[in-house]
>>> print(open('my_file.cif').read())   # mmCIF, C-alpha atoms
data_data
loop_
_atom_site.label_atom_id
_atom_site.label_comp_id
_atom_site.auth_asym_id
_atom_site.auth_seq_id
_atom_site.Cartn_x
_atom_site.Cartn_y
_atom_site.Cartn_z
CA MET A 24 -35.54 -9.24 6.20
CA GLU A 25 -35.22 -12.62 4.58
CA ASP A 26 -36.69 -11.51 1.23
CA ARG A 27 -34.57 -11.34 -1.93
CA LEU A 28 -32.35 -8.30 -2.24
CA MET A 29 -32.89 -5.90 -5.15
CA ALA A 30 -30.34 -3.24 -6.09
CA PHE A 31 -30.81 0.02 -8.02
CA VAL A 32 -28.40 2.00 -10.20
CA PRO A 33 -29.30 5.28 -11.97
CA THR A 34 -28.49 6.10 -15.58
CA THR A 35 -29.11 8.99 -17.94
CA ASP A 36 -28.91 6.68 -20.98
CA LEU A 37 -30.82 3.44 -20.52
CA ASP A 38 -29.69 1.81 -23.77
CA ARG A 39 -26.02 2.51 -23.07
CA ALA A 40 -26.31 1.23 -19.50
CA ARG A 41 -28.17 -1.92 -20.59
CA GLU A 42 -25.41 -2.67 -23.11
CA PHE A 43 -22.69 -2.19 -20.46
CA TYR A 44 -24.36 -4.31 -17.78
CA THR A 45 -25.23 -7.15 -20.19
CA ALA A 46 -22.39 -7.22 -22.75
CA ILE A 47 -19.52 -6.16 -20.47
CA LEU A 48 -20.57 -7.37 -17.02
CA GLY A 49 -22.61 -10.37 -18.16
CA LEU A 50 -25.85 -9.72 -16.29
CA LYS A 51 -28.99 -11.32 -17.70
CA LEU A 52 -31.66 -9.00 -19.10
CA VAL A 53 -35.07 -9.86 -17.61
CA GLU A 54 -37.11 -6.99 -19.04
CA ALA A 55 -36.81 -3.42 -20.23
CA ASP A 56 -39.10 -0.49 -20.89
CA GLY A 57 -38.57 3.26 -21.22
CA PHE A 58 -38.14 3.72 -17.47
CA ALA A 59 -35.81 0.92 -16.37
CA CYS A 60 -34.22 -2.33 -17.33
CA VAL A 61 -34.33 -5.27 -14.98
CA LEU A 62 -31.23 -7.43 -14.85
CA ARG A 63 -30.27 -10.46 -12.82
CA SER A 64 -26.98 -11.58 -11.30
CA GLY A 65 -27.54 -14.89 -9.56
CA GLU A 66 -30.32 -14.33 -7.04
CA THR A 67 -29.92 -10.54 -7.05
CA MET A 68 -32.12 -8.35 -9.23
CA LEU A 69 -30.70 -5.05 -10.46
CA ARG A 70 -32.97 -2.29 -11.71
CA VAL A 71 -31.11 0.25 -13.82
CA ILE A 72 -33.40 3.25 -13.67
CA LYS A 73 -33.59 6.18 -16.08
CA VAL A 74 -33.05 9.58 -14.48
CA GLU A 75 -32.87 13.06 -15.98
CA ARG A 76 -29.82 14.12 -13.95
CA LEU A 77 -27.30 12.03 -12.11
CA ALA A 78 -25.18 13.10 -9.15
CA VAL A 79 -22.31 10.60 -9.15
CA GLN A 80 -21.36 9.57 -5.63
CA PRO A 81 -17.74 9.23 -4.46
CA TYR A 82 -18.28 5.71 -3.12
CA THR A 83 -19.18 2.27 -4.41
CA VAL A 84 -22.85 1.95 -5.33
CA LEU A 85 -22.68 -1.67 -6.55
CA GLY A 86 -20.09 -4.37 -6.09
CA TRP A 87 -19.31 -8.02 -6.60
CA ALA A 88 -17.51 -10.57 -4.42
CA VAL A 89 -15.09 -12.51 -6.63
CA ASP A 90 -12.91 -15.55 -6.04
CA ASP A 91 -9.95 -14.36 -8.12
CA LEU A 92 -9.70 -10.58 -8.32
CA VAL A 93 -6.79 -10.38 -10.75
CA GLU A 94 -8.38 -12.88 -13.15
CA ARG A 95 -11.70 -11.03 -13.15
CA MET A 96 -9.94 -7.69 -13.63
CA ALA A 97 -8.06 -9.09 -16.63
CA GLU A 98 -11.33 -10.28 -18.19
CA LEU A 99 -12.89 -6.84 -17.77
CA VAL A 100 -9.82 -5.02 -19.11
CA LEU A 101 -10.10 -7.12 -22.29
CA LEU A 102 -13.68 -5.82 -22.60
CA GLY A 103 -12.52 -2.20 -22.29
CA VAL A 104 -13.04 -1.55 -18.58
CA GLU A 105 -10.55 0.82 -16.98
CA PHE A 106 -9.88 0.50 -13.27
CA THR A 107 -9.87 3.60 -11.09
CA ARG A 108 -7.08 4.97 -8.95
CA HIS A 109 -7.97 6.99 -5.87
CA PRO A 110 -5.53 9.62 -4.58
CA GLY A 111 -4.26 8.81 -1.10
CA MET A 112 -5.09 5.10 -1.32
CA ASP A 113 -2.22 2.64 -1.39
CA GLN A 114 -3.12 0.73 -4.58
CA ASP A 115 -0.75 -1.68 -6.31
CA ASP A 116 0.31 -1.54 -9.97
CA LEU A 117 -3.04 -3.01 -11.08
CA GLY A 118 -5.04 -0.53 -8.98
CA VAL A 119 -5.87 -3.01 -6.21
CA TRP A 120 -6.18 -1.75 -2.64
CA THR A 121 -5.69 -4.21 0.23
CA SER A 122 -7.66 -3.45 3.40
CA PRO A 123 -6.12 -3.87 6.88
CA SER A 124 -8.11 -7.13 7.24
CA GLY A 125 -6.79 -8.49 3.93
CA GLU A 126 -9.68 -7.89 1.55
CA ARG A 127 -8.53 -6.81 -1.92
CA VAL A 128 -10.66 -4.24 -3.76
CA ALA A 129 -10.58 -2.75 -7.27
CA TRP A 130 -12.89 -0.01 -8.52
CA PHE A 131 -14.22 0.90 -11.95
CA ALA A 132 -17.06 3.01 -13.30
CA ASP A 133 -20.10 2.31 -15.42
CA PRO A 134 -20.78 4.61 -18.42
CA ASP A 135 -22.57 7.12 -16.14
CA GLY A 136 -19.63 7.30 -13.72
CA ASN A 137 -21.26 5.22 -10.96
CA THR A 138 -18.51 3.59 -8.91
CA LEU A 139 -18.57 -0.20 -9.04
CA SER A 140 -16.18 -2.57 -7.28
CA LEU A 141 -14.80 -6.07 -7.18
CA THR A 142 -13.79 -7.52 -3.80
CA GLN A 143 -11.79 -10.65 -3.08
CA PHE A 144 -12.32 -11.51 0.57
CA ALA A 145 -9.33 -12.59 2.62
CA ALA A 146 -11.12 -15.69 3.89
CA PRO A 147 -14.01 -17.33 2.02
CA ALA A 148 -15.74 -17.90 5.36
CA ARG A 149 -16.27 -14.13 5.62
CA ILE A 150 -18.70 -14.25 2.67
CA PRO A 151 -22.16 -15.27 3.91
CA GLU A 152 -23.59 -18.38 2.30
CA THR A 153 -26.68 -18.01 0.13
CA ALA A 154 -29.79 -19.77 1.32
#
>>> encode(input="my_file.cif", output="structure tokens")
Amino acid sequence: MEDRLMAFVPTTDLDRAREFYTAILGLKLVEADGFACVLRSGETMLRVIKVERLAVQPYTVLGWAVDDLVERMAELVLLGVEFTRHPGMDQDDLGVWTSPSGERVAWFADPDGNTLSLTQFAAPARIPETA
């Protein structure tokens, strides 16, 4: 489909999630009500939806492609973000894992425990251009 992509992330506390995604991650608030808040990152819309119970998944539910992973990590650490270490994964001192093809990935969690990630691709050509 060529339509715009929209992502969804669950939360049990909409106000807390809205604060994290806007103040810490810098997404733009489009609208909010008692059921969800709509945020924007570039052309991508993110709906953070209120749920009664949340089953945190052991994999990334939302991620960003970044040009300079270490720089972006440092910015987030200054804002209080803690990066996650995963047992059995060969992560460096900062918590960065390098894939066999050279991509560098770091994980962190939102206030609900949803796994988020930053990825620095090995070659910029691997990131598809936006239309």
>>> atom_distance(input="my_file.cif", atom1="CA of Trp130 in chain A", atom2="CA of Ala59 in chain A")
24.2 Å
>>> residues_around(input="my_file.cif", residues="Asp116 in chain A", least_positions_apart="3", cutoff="12 Å", atoms="only C-alpha atoms", output="PyMOL selection string")
chain A and resi 93+106-108+113+119-120+129
>>> closest_residue(input="my_file.cif", among="A:Ser122, A:Asn137, A:Thr34, A:Thr142", to="Val71 in chain A", atoms="all atoms listed in the file")
A:Thr34
>>> closest_residue(input="my_file.cif", among="A:Glu126, A:Glu66, A:Glu75, A:Asp91", to="Pro33 in chain A", atoms="all atoms listed in the file")
A:Glu75
>>> resolve_selection(input="my_file.cif", expression="the PyMOL selection byres ((chain A and resi 30) around 12)", output="list in words")
Arg27, Leu28, Met29, Phe31, Val32, Pro33, Cys60, Val61, Leu62, Arg63, Ser64, Glu66, Thr67, Met68, Leu69, Arg70, Val71, Ile72, Val84, Leu85 and Gly86 of chain A
>>> closest_residue(input="my_file.cif", among="A:Arg127, A:His109, A:Arg76, A:Arg39", to="Gln143 in chain A", atoms="only C-alpha atoms")
A:Arg127
>>> resolve_selection(input="my_file.cif", expression="the PyMOL selection byres ((chain A and resi 88) around 10)", output="list of chain:residue names")
A:Gly86, A:Trp87, A:Val89, A:Asp90, A:Asp91, A:Leu92, A:Val128, A:Ser140, A:Leu141, A:Thr142, A:Gln143, A:Phe144, A:Pro147, A:Ile150
>>> atom_distance(input="my_file.cif", atom1="CA of Ala40 in chain A", atom2="CA of Asp133 in chain A")
7.5 Å
>>> closest_residue(input="my_file.cif", among="A:Gly65, A:Gly103, A:Gly49, A:Gly111", to="Ala132 in chain A", atoms="all atoms listed in the file")
A:Gly103
